[in-house]
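Shown next, in structure tokens, is the structure this report addresses.
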Number of protein chains: 4
Amino acid sequence: MTTRPNDDAVRLPRIDAPTEADKPAPTTFDPPARRVGFALVGLGRLTLDELLPALLRSRHCRLAAVVSGDRDKALKVARQHGLEARSVYDYQNFDRIADDPAVDVVYIVLPNALHEEFTVRAARAGKHVLCEKPMANTAAECSRMIEACERAGRRLMIAYRCHHEPNMLALKRMLRGQRLGALREFVSSNAQAMGDPSHWRMKRSLAGGGPLPDIGIYCINSLRFLTGEEPSEVWGETWSPPDDPRFGEVEASVRFAMRFPSGLRATCHAGYDSHKSQFFRLMGSEGWAELDPAYAYRGVRMRVATVIDGEDVTQVPAVGEDNQFAAEMDHMAECVRSGSRPFASGEEGLQDMRLIEAIYRSANEARWIAVEAPQGTSRSRPPRES
Amino acid sequence: MTTRPNDDAVRLPRIDAPTEADKPAPTTFDPPARRVGFALVGLGRLTLDELLPALLRSRHCRLAAVVSGDRDKALKVARQHGLEARSVYDYQNFDRIADDPAVDVVYIVLPNALHEEFTVRAARAGKHVLCEKPMANTAAECSRMIEACERAGRRLMIAYRCHHEPNMLALKRMLRGQRLGALREFVSSNAQAMGDPSHWRMKRSLAGGGPLPDIGIYCINSLRFLTGEEPSEVWGETWSPPDDPRFGEVEASVRFAMRFPSGLRATCHAGYDSHKSQFFRLMGSEGWAELDPAYAYRGVRMRVATVIDGEDVTQVPAVGEDNQFAAEMDHMAECVRSGSRPFASGEEGLQDMRLIEAIYRSANEARWIAVEAPQGTSRSRPPRES
Amino acid sequence: MTTRPNDDAVRLPRIDAPTEADKPAPTTFDPPARRVGFALVGLGRLTLDELLPALLRSRHCRLAAVVSGDRDKALKVARQHGLEARSVYDYQNFDRIADDPAVDVVYIVLPNALHEEFTVRAARAGKHVLCEKPMANTAAECSRMIEACERAGRRLMIAYRCHHEPNMLALKRMLRGQRLGALREFVSSNAQAMGDPSHWRMKRSLAGGGPLPDIGIYCINSLRFLTGEEPSEVWGETWSPPDDPRFGEVEASVRFAMRFPSGLRATCHAGYDSHKSQFFRLMGSEGWAELDPAYAYRGVRMRVATVIDGEDVTQVPAVGEDNQFAAEMDHMAECVRSGSRPFASGEEGLQDMRLIEAIYRSANEARWIAVEAPQGTSRSRPPRES
Amino acid sequence: MTTRPNDDAVRLPRIDAPTEADKPAPTTFDPPARRVGFALVGLGRLTLDELLPALLRSRHCRLAAVVSGDRDKALKVARQHGLEARSVYDYQNFDRIADDPAVDVVYIVLPNALHEEFTVRAARAGKHVLCEKPMANTAAECSRMIEACERAGRRLMIAYRCHHEPNMLALKRMLRGQRLGALREFVSSNAQAMGDPSHWRMKRSLAGGGPLPDIGIYCINSLRFLTGEEPSEVWGETWSPPDDPRFGEVEASVRFAMRFPSGLRATCHAGYDSHKSQFFRLMGSEGWAELDPAYAYRGVRMRVATVIDGEDVTQVPAVGEDNQFAAEMDHMAECVRSGSRPFASGEEGLQDMRLIEAIYRSANEARWIAVEAPQGTSRSRPPRES
């Protein structure tokens with residue numbers, strides 16, 4: 001399981017005219033027995049709706065174990081995916097996973113407050129870790145997670161699936177080509193109306209915060225990803241209605257701004273109290289690009305506005321759809337095989353957490369908060385870029 | 001010219017099926033001789049590109065005079081529109097307009113710094129005043145303008161053309177019907193890349209500021225217009241690159257936030273350094289409405305997202321196009337005839353100016369600034385609402 | 001009124017950055033007294049809703065007379081537009097217009113069956129003629145109209161407003177640049193649900209047919225306009241439900257196909273029995289362009305699909321809005337002044353009528369019908385093209 | 001493997017507010033060992049790009065064998081998907097599949113001319129058959145395929161994946177609710193620019209025709225599926241340029257029309273010589289629905305235009321994305337398990353073939369051709385409908 005098998009690639013001749021869009025080569029799947037084994041820790045909506053189906057269609061990964069506090073549910077899932085009962089763990093016996101050679105990577109899909117514990121336990125068990133965003137509840141937790149994985153010599157990746165979304169990648173290429181001119185402003189909103197006040201996302205101790213770390217993080221991370229630039233100062237404001245049972249512990253909504261050294265500014269909103277709304281517009285001196293919906297699991301759509309021959313033109317490039325979760329796990333699998341550092345490293349997750357902490361601090365202190373850029377290069381080469 | 005002639009209305013039978021969209025009745029134009037006479041003060045882009053053509057197709061208005069510092073240009077315009085040379089004024093002899101019975105309304109389309117002076121002079125000349133936005137450079141100037149018109153017993157209206165834009169009106173109706181649920185967040189951006197550093201808009205003394213009073217005001221006023229609610233606190237931040245000759249006096253861009261008593265929040269951006277970009281999204285607990293482009297002279301387009309029968313649906317209502325400038329001037333003409341207060345009164349313009357001043361102050365002092373709501377009812381019934 | 005006055009043009013400097021879209025120069029209006037005088041014959045929906053407002057904002061035209069069988073309505077309209085009662089004609093005394101020096105052009109907006117009569121009477125009265133589409137009920141009528149105007153030495157133009165629609169003009173330029181490759185297929189539909197069975201459009205004797213000459217003509221003429229190519233064969237099929245009182249005389253819907261010498265094919269639909277639906281897609285070997293809505297008075301929107309750098313891209317160019325009716329009448333005015341042949345000449349209207357007759361014949365005989373291309377060049381240089 | 005295992009279903013509580021869109025329950029996958037085994041016959045673009053990935057994420061299916069004339073390619077694919085070499089067949093030894101208990105269904109993805117042969121051989125081998133569209137080259141072949149499967153007591157399904165596309169299903173529901181009024185007209189185009197003249201699709205003997213059976217069939221079948229109505233007469237016209245090496249054997253493009261007993265009409269185009277273009281608009285007396293792109297593997301988008309409260313409104317329902325191929329194969333698996341008749345039965349494919357033959361005949365004879373409706377009910381209850 002250490003070398004990457006790709007000699008099964010099949011090439012097919014082109015059928016259509018050269019004036020039609022290029023088609024990628026057919027996907028090459030690794031033989032099941034040689035795939036990187038994933039243990040999924042936590043069997044909630046994301047795991048059941050997205051991660052399990054994505055694993056099935058990934059190129060390099062297979063499901064090797066499930067971990068859940070609900071054994072009945074875990075056994076059902078195991079049966080659906082052909083796992084034996086011995087591949088079903090609970091949160092108590094999780095450490096026995098050390099002895100499970102089928103498991104290479106532990107993918108942590110738990111409430112944020114548990115990310116540190118399970119990352120540390122997984123690393124101690126000798127497993128690589130893929131951890132959902134936000135990386136943890138605090139920057140201190142993030143640092144300990146990085147340390148634990150480093151000490152264990154294991155890879156640590158944060159599950160920023162948007163790094164693998166085709167429109168995001170196309171926009172990143174576009175920015176490298178200076179297509180929008182100098183970048184000026186990023187305006188974004190990420191909201192959804194939450195319901196159940198008893199859900200862990202509404203508990204500060206479990207979630208670390210409200211919409212800011214859960215969905216506001218997409219605004220922060222996407223802009224950092226797209227531009228490669230780090231914000232130097234942040235400002236924030238949170239709001240919770242006094243009488244809404246959902247928002248006794250976490251904010252109902254947050255607005256925040258970021259200053260970048262180049263002059264780029266960001267103005268963002270995240271909310272748990274508004275109807276689902278996900279978009280950003282990145283404005284440059286000569287054009288803008290909008291993703292609407294942005295940050296979505298599927299159906300992301302880009303519009304690019306520039307002037308062509310003296311005329312305003314809006315372009316909608318059909319960059320195709322890709323399963324972001326499958327691509328994310330495949331990237332992790334490749335890093336595990338090659339020993340290389342994941343693009344979305346622990347440092348990447350840590351920096352977002354530092355920014356989130358600073359935004360909350362700004363909201364408390366009603367002033368701009370300076371944030372240091374991460375030391376050294378936090379990110380390796382982006383996935384699927386030459 | 002005091003009673004409204006409308007007995008020339010023509011009714012036509014419906015041709016198409018009742019399942020097709022309703023068609024408004026044909027427009028009834030006032031006889032030319034009975035129309036309200038407008039003097040246009042300032043013959044720049046807005047006047048030549050928009051106001052003069054709009055006057056031609058208005059129902060109640062006619063061009064009665066032009067006022068310009070460039071007599072050659074003014075004579076050309078006068079000839080084009082059938083005015084005699086005696087209907088051409090300059091800034092020195094403008095006060096003689098008092099003796100021109102053809103002029104009922106003076107429409108001020110000058111640099112912001114001159115709004116007060118010409119409003120006062122027009123009122124003194126016994127004329128009603130329609131003044132471009134922003135109303136002036138300062139709230140103090142606005143107050144003096146209001147006072148001058150009150151003293152003279154003349155109407156004062158600020159040219160918020162968006163109050164007459166069909167999508168804005170449709171959205172306002174929608175909000176009254178609670179179609180988006182409780183309002184939560186307004187995100188907006190209004191930007192365009194300016195060029196000429198010597199233009200009056202780039203001079204603080206003439207423009208009073210940069211993009212904030214010029215185009216950021218649309219974000220402020222539109223939200224106040226749509227919701228009827230007044231912000232209680234504002235926050236702002238401005239930015240200018242150190243080395244751009246365009247932004248030696250006015251900000252290149254501004255971000256600002258507004259808090260409303262109901263819990264509604266606004267996060268806005270206005271910039272002179274980004275490619276043209278004009279939109280807002282108004283989010284409620286059960287849906288959102290977006291205008292993109294918003295604030296535009298034409299081609300405004302609305303999308304409304306809600307859940308219908310358990311499914312996300314985006315609606316694009318075809319509310320039709322209307323000439324906002326013509327509707328605005330017709331509203332002024334109706335107010336002049338009926339003696340009623342214009343919807344966009346001087347108090348309306350003053351409140352925006354107070355908010356703009358507070359945003360600038362916030363940017364300087366790096367804190368939230370409280371703003372009092374206008375005393376009494378600042379706005380009459382909206383135009384074209386029953 | 002014979003030379004074109006344009007020395008009143010005003011130029012204004014550019015305010016925004018050169019990376020923004022170009023703005024046209026301000027419109028130059030002719031002095032009212034020097035404009036070309038139009039008599040509008042027929043005061044129905046089109047005249048009241050579109051033509052009268054368009055005249056007001058045209059550059060070269062003014063309303064000089066109205067002609068109607070309903071004197072009360074005509075007097076109302078006259079009053080609204082400042083005409084004296086002597087400028088109001090009826091269908092009986094219409095010929096007295098010969099003695100009205102204010103009238104240069106007679107614009108015929110009557111039921112199709114009356115186009116010939118009034119064209120002939122107008123030409124005899126020494127007036128130029130702008131006639132609504134379809135030109136007449138039969139090709140024979142069209143020929144007599146051409147002859148009458150030629151004999152009288154007067155201009156004859158058919159009111160194909162789409163020749164002046166900015167998206168149509170942009171697409172025509174695009175085709176000249178071979179942007180879609182070789183043209184292959186034109187698919188179009190133009191429909192609206194009619195209501196009143198007693199309307200003249202539902203009477204064969206008055207309308208000459210149903211949706212084919214009324215709205216199907218847009219599909220035919222637009223493709224001929226865009227490509228400059230003439231169909232060599234046509235096919236058609238009509239349908240009327242047996243029991244619908246609206247369609248006792250005219251077809252409810254028609255489908256038709258056209259073969260062009262280059263290999264281009266057209267497949268079109270027009271209907272009076274479907275909800276309003278207006279679009280076309282013009283497909284080439286390397287791309288397609290769609291107007292949806294097409295043929296509309298306003299709000300026309302173009303999408304262009306091609307491959308750029310190996311990727312499917314859809315472009316929406318913002319070509320701006322223009323009042324098609326005003327542009328059409330201004331073109332007529334320019335032709336009258338210069339003595340040049342209108343782009344949409346009588347021969348243009350005649351050829352559409354020949355094609356319509358052939359499509360009806362095909363529907364009756366259930367076979368393809370060959371149609372000869374017009375002899376000589378039927379069309380002058382397109383409006384607003386260099 | 002005969003009973004359907006669904007006791008592993010997992011239910012999860014709702015997290016978001018009830019005003020947000022409903023979320024479907026998590027997918028329940030059958031245990032791998034209990035899935036229906038598919039043999040894929042033919043390893044071209046469709047199989048490699050779509051069917052193999054779809055199988056991986058299907059609920060009821062698993063890959064059990066591959067059949068190809070290219071053993072090297074087949075072995076690569078087998079390795080990628082964990083098949084032993086003995087599960088690799090070629091066209092000669094295909095019949096041995098009778099002895100392969102892992103194979104329940106043979107999915108035929110071969111050139112059209114081979115559909116009959118492999119259906120018959122598969123049925124003789126005791127396997128159920130899922131066959132790509134078009135079902136065969138002729139109606140006679142289709143009849144023999146039906147007969148062979150009936151004789152063998154095996155299920156026969158034609159792979160009309162659009163029956164499983166969520167927008168298509170949503171539109172079908174909408175039509176049942178009479179949301180568009182009485183249906184009047186269906187306008188559709190399905191085109192793509194082909195390249196390689198040597199491809200089997202350009203050979204009449206292998207493909208049976210050109211764009212008509214390959215992609216025009218989508219227009220025919222979709223309308224039949226959506227309305228449940230059968231056309232009674234068809235008309236067609238084909239075209240091939242004389243000098244294009246691609247179109248020596250098959251037509252470059254085809255236009256065809258269909259008459260339905262209710263008065264509904266269809267006007268369609270299919271072409272191999274135009275840039276990729278796939279859409280339909282289905283017009284009713286009170287509204288229309290458009291899919292653009294229609295017929296696509298992914299990214300299908302619906303717009304619905306109706307009048308709401310007197311105003312034209314266009315709606316874009318977000319019906320979600322589903323893998324049409326996975327849903328299609330799952331439907332086949334369910335039919336195999338339950339012994340029920342597939343919705344897209346052999347009779348469904350046969351009727352399309354009869355219509356295609358009639359359209360070609362019409363193109364030859366230049367007249368309308370009557371086609372009998374299929375006897376009995378050709379279709380069972382649509383998939384996923386209650």
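Within each chain, counting starts at residue 1; across the structure tokens, chains are named A, B, ... in the order shown, with ligands numbered 1 upward in that order.
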Next on the checklist: If the cut-off is 8 Å, can you tell me the residues of chain C near chain B, counting only C-alpha atoms? I'd like them as a PyMOL selection string.
Outcome noted: chain C and resi 8-10+12+14-20+26-33+44-45+48-49+53+56-57+73+76-77+79-82+192-196+199+275-276+299
Checklist entry - So which residues touch range 98-101 of chain C within 9 Å, counting only C-alpha atoms, skipping near sequence neighbours fewer than 6 positions away, as a count of residues only? => result 9
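Taking only C-alpha atoms, the non-local environment of Cys335 in chain D within 10 Å (same-chain residues fewer than 5 positions away omitted) comprises His128, Arg155, Leu156, Met157, Met329, Asp330, Ser340, Arg341, Pro342 and Phe343 of chain D.
Residue nearest Ser240 in chain B, chosen from B:Ala191, B:Ile220, B:Ala327, B:Val254 and counting only C-alpha atoms: B:Val254.
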Next on the checklist: Please return, as a PyMOL selection string, all residues of range 63-262 of chain A that DSSP assigns to helix (DSSP H, G or I) on the basis of the backbone.
Outcome noted: chain A and resi 71-80+85-87+93-99+112-124+139-152+161-164+166-176+200-202+204-207+211-227+245-247
Please write the residues from the selection above to a file, keeping C-alpha atoms, as a CSV table (one decimal), in the first residue's frame.
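Here's the written file again_21.csv:
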chain,number,residue,atom,x,y,z
A,71,ARG,CA,-23.5,0.6,18.0
A,72,ASP,CA,-26.8,-0.3,16.3
A,73,LYS,CA,-26.3,2.5,13.7
A,74,ALA,CA,-22.7,1.6,13.3
A,75,LEU,CA,-23.5,-2.0,12.6
A,76,LYS,CA,-26.1,-1.0,10.0
A,77,VAL,CA,-23.6,1.1,8.2
A,78,ALA,CA,-21.0,-1.6,8.5
A,79,ARG,CA,-23.3,-4.1,6.9
A,80,GLN,CA,-24.2,-1.7,4.1
A,85,ALA,CA,-18.4,-6.4,13.1
A,86,ARG,CA,-14.8,-6.2,14.2
A,87,SER,CA,-14.3,-3.1,12.1
A,93,ASN,CA,-12.4,1.1,22.5
A,94,PHE,CA,-11.3,3.4,19.7
A,95,ASP,CA,-7.6,3.0,20.7
A,96,ARG,CA,-7.7,-0.6,19.7
A,97,ILE,CA,-7.7,0.7,16.1
A,98,ALA,CA,-3.9,0.7,16.5
A,99,ASP,CA,-4.0,-3.0,15.9
A,112,ASN,CA,-15.5,20.2,17.3
A,113,ALA,CA,-14.7,19.9,20.9
A,114,LEU,CA,-13.6,16.2,20.4
A,115,HIS,CA,-11.3,16.9,17.5
A,116,GLU,CA,-8.2,17.2,19.6
A,117,GLU,CA,-8.9,14.1,21.7
A,118,PHE,CA,-9.4,11.9,18.8
A,119,THR,CA,-6.6,13.3,16.7
A,120,VAL,CA,-4.2,12.7,19.6
A,121,ARG,CA,-5.6,9.2,20.2
A,122,ALA,CA,-5.4,8.4,16.4
A,123,ALA,CA,-1.9,9.6,16.2
A,124,ARG,CA,-0.9,7.6,19.2
A,139,ALA,CA,-5.8,27.6,18.5
A,140,ALA,CA,-4.2,25.9,21.5
A,141,GLU,CA,-6.0,22.7,20.7
A,142,CYS,CA,-4.9,23.0,17.1
A,143,SER,CA,-1.3,23.3,18.1
A,144,ARG,CA,-1.4,20.2,20.3
A,145,MET,CA,-3.0,18.3,17.4
A,146,ILE,CA,-0.2,19.4,15.1
A,147,GLU,CA,2.4,18.4,17.7
A,148,ALA,CA,0.8,15.0,18.4
A,149,CYS,CA,0.8,14.1,14.7
A,150,GLU,CA,4.3,15.3,14.2
A,151,ARG,CA,5.6,13.4,17.2
A,152,ALA,CA,3.9,10.3,15.8
A,161,ARG,CA,-13.2,20.2,0.7
A,162,CYS,CA,-13.5,23.6,-1.2
A,163,HIS,CA,-9.8,23.2,-2.1
A,164,HIS,CA,-11.0,20.5,-4.5
A,166,PRO,CA,-13.6,22.8,-9.7
A,167,ASN,CA,-14.9,26.3,-9.7
A,168,MET,CA,-12.6,27.3,-6.9
A,169,LEU,CA,-9.6,25.8,-8.7
A,170,ALA,CA,-10.6,27.5,-11.9
A,171,LEU,CA,-10.9,30.8,-10.1
A,172,LYS,CA,-7.5,30.3,-8.5
A,173,ARG,CA,-6.0,29.8,-12.0
A,174,MET,CA,-7.8,32.9,-13.2
A,175,LEU,CA,-6.3,35.0,-10.4
A,176,ARG,CA,-2.8,33.7,-11.2
A,200,TRP,CA,-24.4,20.1,19.5
A,201,ARG,CA,-23.7,23.0,17.1
A,202,MET,CA,-25.7,25.2,19.4
A,204,ARG,CA,-20.6,26.4,23.0
A,205,SER,CA,-18.6,23.7,24.8
A,206,LEU,CA,-19.0,21.3,21.9
A,207,ALA,CA,-19.0,23.7,18.9
A,211,PRO,CA,-21.8,30.2,12.7
A,212,LEU,CA,-18.3,31.7,12.7
A,213,PRO,CA,-16.3,28.5,13.1
A,214,ASP,CA,-18.9,26.4,11.4
A,215,ILE,CA,-19.6,28.2,8.2
A,216,GLY,CA,-18.0,31.6,8.5
A,217,ILE,CA,-14.7,29.7,8.2
A,218,TYR,CA,-15.5,29.0,4.6
A,219,CYS,CA,-15.3,32.7,3.8
A,220,ILE,CA,-12.0,33.0,5.6
A,221,ASN,CA,-10.4,29.9,4.2
A,222,SER,CA,-11.6,30.3,0.7
A,223,LEU,CA,-10.1,33.8,0.4
A,224,ARG,CA,-6.8,32.7,1.9
A,225,PHE,CA,-6.8,29.7,-0.5
A,226,LEU,CA,-7.7,31.7,-3.6
A,227,THR,CA,-5.2,34.5,-3.0
A,245,PRO,CA,-33.8,29.5,22.5
A,246,ARG,CA,-31.4,28.5,19.7
A,247,PHE,CA,-28.9,31.2,20.5
Next on the checklist: As an exercise, work out the distance from CA of Phe280 in chain B to CA of Tyr295 in chain B in Å and give it to one decimal place.
Outcome noted: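 Pair CA of Phe280 in chain B / CA of Tyr295 in chain B returns 9.0 Å.
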Checklist entry - Which of range 92-134 of chain B counts as strand (DSSP E) under DSSP, as a list in words please? => result Val105, Val106, Tyr107, Ile108, His128, Val129, Leu130 and Cys131 of chain B
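Coordinates place CA of Ser253 in chain B at a distance of 5.7 Å from CA of Ala270 in chain B.
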Item to check | Surrounding residues of range 361-364 of chain A excluding itself and chain neighbours under 4 positions, 8 Å, only C-alpha atoms, as a VMD selection string | outcome: chain A and resid 234 to 238 357 368 to 369
Checklist entry - In Å to one decimal, how far is CA of Ser189 in chain D from CA of Val307 in chain C? => result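 Separation between CA of Val307 in chain C and CA of Ser189 in chain D: 18.8 Å.
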